[in-house]
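Colleague: Coordinates in my_file-v8.txt, compact mmCIF, C-alpha atoms, are listed below.
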# COMPACT_ATOMS: atom_id res chain seq x y z
CA MET A 29 44.20 122.13 0.66
CA THR A 30 44.51 119.67 3.50
CA HIS A 31 43.70 120.41 7.10
CA ALA A 32 47.24 119.40 8.11
CA SER A 33 48.58 122.75 6.93
CA VAL A 34 46.37 124.71 9.31
CA LYS A 35 49.10 127.10 10.43
CA THR A 36 49.88 128.36 6.98
CA ARG A 37 46.28 129.24 6.17
CA ARG A 38 45.30 131.77 8.81
CA SER A 39 45.63 133.00 12.33
CA LEU A 40 43.02 132.88 15.04
CA PRO A 41 40.40 135.63 14.73
CA GLN A 42 40.23 138.18 17.56
CA THR A 43 36.66 137.06 18.31
CA PHE A 44 38.17 133.94 19.93
CA ARG A 45 40.09 135.92 22.53
CA PRO A 46 37.32 135.80 25.20
CA LEU A 47 37.01 132.03 24.71
CA LEU A 48 40.70 131.50 25.39
CA TRP A 49 41.06 133.76 28.43
CA SER A 50 43.20 131.16 30.21
CA LEU A 51 45.87 131.30 27.48
CA ARG A 52 48.33 134.08 26.75
CA TRP A 53 46.77 135.49 23.57
CA LYS A 54 50.03 136.49 21.87
CA ASP A 55 51.34 132.94 22.32
CA VAL A 56 48.26 131.09 21.07
CA ASP A 57 49.14 128.81 18.18
CA ILE A 58 46.23 127.36 16.20
CA ASP A 59 48.10 124.10 15.74
CA LYS A 60 49.65 123.57 19.19
CA ASP A 61 46.60 124.86 21.05
CA LYS A 62 43.96 123.25 18.86
CA HIS A 63 42.55 121.08 21.67
CA ASP A 64 41.89 124.13 23.86
CA ILE A 65 40.55 126.12 20.90
CA ILE A 66 38.18 123.32 19.88
CA VAL A 67 36.90 122.51 23.38
CA ASN A 68 36.38 126.16 24.39
CA THR A 69 34.68 127.00 21.09
CA ILE A 70 32.34 124.02 21.31
CA ASN A 71 31.38 125.07 24.83
CA GLU A 72 31.15 128.83 24.49
CA GLY A 73 31.50 129.76 20.83
CA SER A 74 29.02 131.26 18.42
CA LEU A 75 27.79 129.55 15.28
CA ASP A 76 30.26 131.65 13.26
CA GLN A 77 33.09 130.42 15.47
CA TRP A 78 31.94 126.83 15.00
CA ARG A 79 32.03 127.45 11.23
CA TRP A 80 35.59 128.78 11.54
CA LEU A 81 36.55 125.60 13.44
CA ILE A 82 35.15 123.38 10.71
CA LYS A 83 36.76 125.40 7.93
CA THR A 84 40.12 125.47 9.72
CA TYR A 85 40.42 121.99 11.24
CA GLY A 86 37.83 119.93 9.37
CA LYS A 87 35.11 117.80 10.90
CA GLU A 88 37.31 114.70 11.17
CA THR A 89 39.98 116.45 13.25
CA ILE A 90 37.37 118.05 15.48
CA ARG A 91 35.64 114.68 15.91
CA ASP A 92 38.97 113.07 16.89
CA VAL A 93 39.63 115.76 19.49
CA LEU A 94 36.12 115.57 20.95
CA GLN A 95 36.09 111.77 21.18
CA LYS A 96 39.14 111.91 23.44
CA ARG A 97 37.51 114.34 25.86
CA ILE A 98 35.34 113.49 28.85
CA ALA A 99 31.64 114.20 28.37
CA THR A 100 31.42 116.35 31.50
CA GLU A 101 33.89 118.85 30.00
CA PHE A 102 31.03 120.12 27.84
CA HIS A 103 27.75 121.88 28.54
CA PRO A 104 24.91 119.42 27.82
CA GLU A 105 23.51 121.59 25.00
CA SER A 106 26.93 121.99 23.38
CA ARG A 107 27.64 118.28 23.74
CA ASN A 108 24.34 117.35 22.07
CA LEU A 109 24.83 119.74 19.16
CA ALA A 110 28.43 118.56 18.68
CA LYS A 111 27.21 114.94 18.56
CA ILE A 112 24.91 115.83 15.68
CA ILE A 113 27.23 118.11 13.70
CA PHE A 114 30.36 115.97 14.09
CA SER A 115 28.63 112.56 13.91
CA LEU A 116 29.77 111.49 17.36
CA SER A 117 28.22 108.41 18.89
CA ARG A 118 29.42 109.38 22.36
CA PHE A 119 32.07 111.12 24.43
CA ARG A 120 34.35 109.43 26.94
CA ASN A 121 33.06 108.92 30.44
CA ALA A 122 35.07 109.75 33.54
CA ARG A 123 36.58 106.78 35.31
CA ARG A 124 34.92 105.89 38.58
CA SER A 125 37.04 105.57 41.66
CA SER A 126 37.02 102.23 43.45
CA HIS A 127 37.27 103.98 46.83
Just dump the structure as structure tokens.
Modeller:
Amino acid sequence: MTHASVKTRRSLPQTFRPLLWSLRWKDVDIDKDKHDIIVNTINEGSLDQWRWLIKTYGKETIRDVLQKRIATEFHPESRNLAKIIFSLSRFRNARRSSH
């Protein structure tokens, strides 16, 4: 089964609800909201939630999402663990203002 058919496999477990407090739970879609789900889980999720991410989206998809995010969006500990687990060389850096 490919990771492209995420929606047909399962819905988001209730244990993710506290991680996605900024979203309307009944409207959360694991495909459309995958960036928020991945970022919030990497930052605040348990090891079981990380396992769910990998099983649902696959390491490659998660790596692609994380590489597009700015490093400061993540807690240092979460960022370091994600670099190891998802084979990331680095995250994006915020652009510096010229002013």
Colleague: Hey, which of A:Leu40, A:Val67, A:Ile58, A:Leu48 ends up closest to Ile98 of chain A? Count only C-alpha atoms.
Modeller: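 Closest to Ile98 of chain A of all the choices is A:Val67.
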Colleague: As lines of an AutoDock Vina configuration file, what would the box around segment 56-66 of chain A look like: edges along x, y and z, 5 Å added on every side, centre and edge lengths in Å to one decimal?
Modeller:
center_x = 43.9
center_y = 126.1
center_z = 19.8
size_x = 21.5
size_y = 20.0
size_z = 18.1
Colleague: What lies within 8 Å of Phe119 of chain A using only C-alpha atoms, ignoring chain neighbours under 3 positions off, as a list in words?
Modeller: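 Surrounding residues, per the criterion: Leu94, Gln95, Lys96, Arg97, Ile98, Ala99 and Leu116 of chain A.
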Colleague: Do you have the atom CA of Thr84 of chain A-atom CA of Glu105 of chain A distance handy?
Modeller: 22.9 Å
Colleague: Calculate how many Å separate atom CA of Ser50 of chain A from atom CA of Asn68 of chain A, rounding to one decimal.
Modeller: 10.3 Å
Colleague: Could you state the separation of atom CA of Leu81 of chain A and atom CA of Ile66 of chain A in Å, given to one decimal place?
Modeller: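 These atoms are spaced 7.0 Å apart.
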Colleague: Quick one: residues within 12 Å of Ile90 of chain A, only C-alpha atoms, excluding same-chain residues fewer than 6 positions away - as a PDB file with C-alpha atoms, in the frame of the given file?
Modeller:
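As written to disk, out.pdb reads:
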ATOM      1  CA  HIS A  31      43.700 120.410   7.100  1.00  0.00           C
ATOM      2  CA  LYS A  62      43.960 123.250  18.860  1.00  0.00           C
ATOM      3  CA  HIS A  63      42.550 121.080  21.670  1.00  0.00           C
ATOM      4  CA  ASP A  64      41.890 124.130  23.860  1.00  0.00           C
ATOM      5  CA  ILE A  65      40.550 126.120  20.900  1.00  0.00           C
ATOM      6  CA  ILE A  66      38.180 123.320  19.880  1.00  0.00           C
ATOM      7  CA  VAL A  67      36.900 122.510  23.380  1.00  0.00           C
ATOM      8  CA  THR A  69      34.680 127.000  21.090  1.00  0.00           C
ATOM      9  CA  ILE A  70      32.340 124.020  21.310  1.00  0.00           C
ATOM     10  CA  TRP A  78      31.940 126.830  15.000  1.00  0.00           C
ATOM     11  CA  ARG A  79      32.030 127.450  11.230  1.00  0.00           C
ATOM     12  CA  TRP A  80      35.590 128.780  11.540  1.00  0.00           C
ATOM     13  CA  LEU A  81      36.550 125.600  13.440  1.00  0.00           C
ATOM     14  CA  ILE A  82      35.150 123.380  10.710  1.00  0.00           C
ATOM     15  CA  LYS A  83      36.760 125.400   7.930  1.00  0.00           C
ATOM     16  CA  THR A  84      40.120 125.470   9.720  1.00  0.00           C
ATOM     17  CA  LYS A  96      39.140 111.910  23.440  1.00  0.00           C
ATOM     18  CA  ARG A  97      37.510 114.340  25.860  1.00  0.00           C
ATOM     19  CA  ALA A 110      28.430 118.560  18.680  1.00  0.00           C
ATOM     20  CA  LYS A 111      27.210 114.940  18.560  1.00  0.00           C
ATOM     21  CA  ILE A 113      27.230 118.110  13.700  1.00  0.00           C
ATOM     22  CA  PHE A 114      30.360 115.970  14.090  1.00  0.00           C
ATOM     23  CA  SER A 115      28.630 112.560  13.910  1.00  0.00           C
ATOM     24  CA  LEU A 116      29.770 111.490  17.360  1.00  0.00           C
TER      25      LEU A 116
END
Colleague: When you count only C-alpha atoms, which of these residues is closest to Thr43 of chain A: A:Asp55, A:Asp61, A:Gly73, A:Arg120?
Modeller: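 Distance minimum relative to Thr43 of chain A lands on A:Gly73.
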Colleague: Pick from A:Lys87, A:Asp92, A:Ser106, A:Asp76: nearest to Phe44 of chain A, with all atoms listed in the file counted?
Modeller: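 Once distances to Phe44 of chain A are computed over all atoms listed in the file, the minimum belongs to A:Asp76.
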Colleague: Between A:Pro46, A:Pro104, A:Pro41, A:Gly86, single out the one closest to Asn71 of chain A, counting all atoms listed in the file.
Modeller: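 Closest to Asn71 of chain A, using all atoms listed in the file: A:Pro104.
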Colleague: Quick one: segment 61-88 of chain A with N, CA and C atoms, as a PDB file, in the frame of the given file?
Modeller:
ATOM      1  N   ASP A  61      47.679 124.649  20.085  1.00  0.00           N
ATOM      2  CA  ASP A  61      46.600 124.860  21.050  1.00  0.00           C
ATOM      3  C   ASP A  61      45.237 124.415  20.527  1.00  0.00           C
ATOM      4  N   LYS A  62      45.230 123.587  19.497  1.00  0.00           N
ATOM      5  CA  LYS A  62      43.960 123.250  18.860  1.00  0.00           C
ATOM      6  C   LYS A  62      42.980 122.550  19.803  1.00  0.00           C
ATOM      7  N   HIS A  63      43.465 121.751  20.736  1.00  0.00           N
ATOM      8  CA  HIS A  63      42.550 121.080  21.670  1.00  0.00           C
ATOM      9  C   HIS A  63      41.796 122.108  22.516  1.00  0.00           C
ATOM     10  N   ASP A  64      42.522 123.079  23.067  1.00  0.00           N
ATOM     11  CA  ASP A  64      41.890 124.130  23.860  1.00  0.00           C
ATOM     12  C   ASP A  64      40.945 124.973  23.004  1.00  0.00           C
ATOM     13  N   ILE A  65      41.371 125.306  21.807  1.00  0.00           N
ATOM     14  CA  ILE A  65      40.550 126.120  20.900  1.00  0.00           C
ATOM     15  C   ILE A  65      39.255 125.381  20.573  1.00  0.00           C
ATOM     16  N   ILE A  66      39.358 124.112  20.244  1.00  0.00           N
ATOM     17  CA  ILE A  66      38.180 123.320  19.880  1.00  0.00           C
ATOM     18  C   ILE A  66      37.234 123.164  21.069  1.00  0.00           C
ATOM     19  N   VAL A  67      37.748 122.746  22.210  1.00  0.00           N
ATOM     20  CA  VAL A  67      36.900 122.510  23.380  1.00  0.00           C
ATOM     21  C   VAL A  67      36.214 123.803  23.826  1.00  0.00           C
ATOM     22  N   ASN A  68      36.964 124.895  23.929  1.00  0.00           N
ATOM     23  CA  ASN A  68      36.380 126.160  24.390  1.00  0.00           C
ATOM     24  C   ASN A  68      35.363 126.705  23.383  1.00  0.00           C
ATOM     25  N   THR A  69      35.621 126.517  22.108  1.00  0.00           N
ATOM     26  CA  THR A  69      34.680 127.000  21.090  1.00  0.00           C
ATOM     27  C   THR A  69      33.412 126.161  21.089  1.00  0.00           C
ATOM     28  N   ILE A  70      33.532 124.865  21.244  1.00  0.00           N
ATOM     29  CA  ILE A  70      32.340 124.020  21.310  1.00  0.00           C
ATOM     30  C   ILE A  70      31.490 124.415  22.504  1.00  0.00           C
ATOM     31  N   ASN A  71      32.118 124.702  23.618  1.00  0.00           N
ATOM     32  CA  ASN A  71      31.380 125.070  24.830  1.00  0.00           C
ATOM     33  C   ASN A  71      30.793 126.476  24.791  1.00  0.00           C
ATOM     34  N   GLU A  72      31.548 127.440  24.329  1.00  0.00           N
ATOM     35  CA  GLU A  72      31.150 128.830  24.490  1.00  0.00           C
ATOM     36  C   GLU A  72      31.047 129.626  23.191  1.00  0.00           C
ATOM     37  N   GLY A  73      31.426 129.019  22.082  1.00  0.00           N
ATOM     38  CA  GLY A  73      31.500 129.760  20.830  1.00  0.00           C
ATOM     39  C   GLY A  73      30.174 129.982  20.132  1.00  0.00           C
ATOM     40  N   SER A  74      30.188 130.954  19.248  1.00  0.00           N
ATOM     41  CA  SER A  74      29.020 131.260  18.420  1.00  0.00           C
ATOM     42  C   SER A  74      28.982 130.315  17.218  1.00  0.00           C
ATOM     43  N   LEU A  75      27.903 130.375  16.492  1.00  0.00           N
ATOM     44  CA  LEU A  75      27.790 129.550  15.280  1.00  0.00           C
ATOM     45  C   LEU A  75      28.864 129.939  14.272  1.00  0.00           C
ATOM     46  N   ASP A  76      29.182 131.226  14.158  1.00  0.00           N
ATOM     47  CA  ASP A  76      30.260 131.650  13.260  1.00  0.00           C
ATOM     48  C   ASP A  76      31.611 131.083  13.694  1.00  0.00           C
ATOM     49  N   GLN A  77      31.842 130.999  14.981  1.00  0.00           N
ATOM     50  CA  GLN A  77      33.090 130.420  15.470  1.00  0.00           C
ATOM     51  C   GLN A  77      33.138 128.916  15.222  1.00  0.00           C
ATOM     52  N   TRP A  78      32.006 128.256  15.338  1.00  0.00           N
ATOM     53  CA  TRP A  78      31.940 126.830  15.000  1.00  0.00           C
ATOM     54  C   TRP A  78      32.271 126.646  13.519  1.00  0.00           C
ATOM     55  N   ARG A  79      31.743 127.534  12.672  1.00  0.00           N
ATOM     56  CA  ARG A  79      32.030 127.450  11.230  1.00  0.00           C
ATOM     57  C   ARG A  79      33.521 127.627  10.969  1.00  0.00           C
ATOM     58  N   TRP A  80      34.145 128.561  11.685  1.00  0.00           N
ATOM     59  CA  TRP A  80      35.590 128.780  11.540  1.00  0.00           C
ATOM     60  C   TRP A  80      36.343 127.499  11.924  1.00  0.00           C
ATOM     61  N   LEU A  81      35.914 126.859  13.026  1.00  0.00           N
ATOM     62  CA  LEU A  81      36.550 125.600  13.440  1.00  0.00           C
ATOM     63  C   LEU A  81      36.502 124.568  12.319  1.00  0.00           C
ATOM     64  N   ILE A  82      35.329 124.380  11.756  1.00  0.00           N
ATOM     65  CA  ILE A  82      35.150 123.380  10.710  1.00  0.00           C
ATOM     66  C   ILE A  82      35.990 123.718   9.482  1.00  0.00           C
ATOM     67  N   LYS A  83      35.991 124.975   9.096  1.00  0.00           N
ATOM     68  CA  LYS A  83      36.760 125.400   7.930  1.00  0.00           C
ATOM     69  C   LYS A  83      38.267 125.238   8.170  1.00  0.00           C
ATOM     70  N   THR A  84      38.692 125.493   9.388  1.00  0.00           N
ATOM     71  CA  THR A  84      40.120 125.470   9.720  1.00  0.00           C
ATOM     72  C   THR A  84      40.643 124.067   9.999  1.00  0.00           C
ATOM     73  N   TYR A  85      39.925 123.312  10.814  1.00  0.00           N
ATOM     74  CA  TYR A  85      40.420 121.990  11.240  1.00  0.00           C
ATOM     75  C   TYR A  85      39.768 120.829  10.503  1.00  0.00           C
ATOM     76  N   GLY A  86      38.559 121.018  10.005  1.00  0.00           N
ATOM     77  CA  GLY A  86      37.830 119.930   9.370  1.00  0.00           C
ATOM     78  C   GLY A  86      37.067 119.113  10.404  1.00  0.00           C
ATOM     79  N   LYS A  87      35.960 118.558   9.989  1.00  0.00           N
ATOM     80  CA  LYS A  87      35.110 117.800  10.900  1.00  0.00           C
ATOM     81  C   LYS A  87      35.818 116.579  11.485  1.00  0.00           C
ATOM     82  N   GLU A  88      36.632 115.914  10.686  1.00  0.00           N
ATOM     83  CA  GLU A  88      37.310 114.700  11.170  1.00  0.00           C
ATOM     84  C   GLU A  88      38.267 115.017  12.318  1.00  0.00           C
TER      85      GLU A  88
END
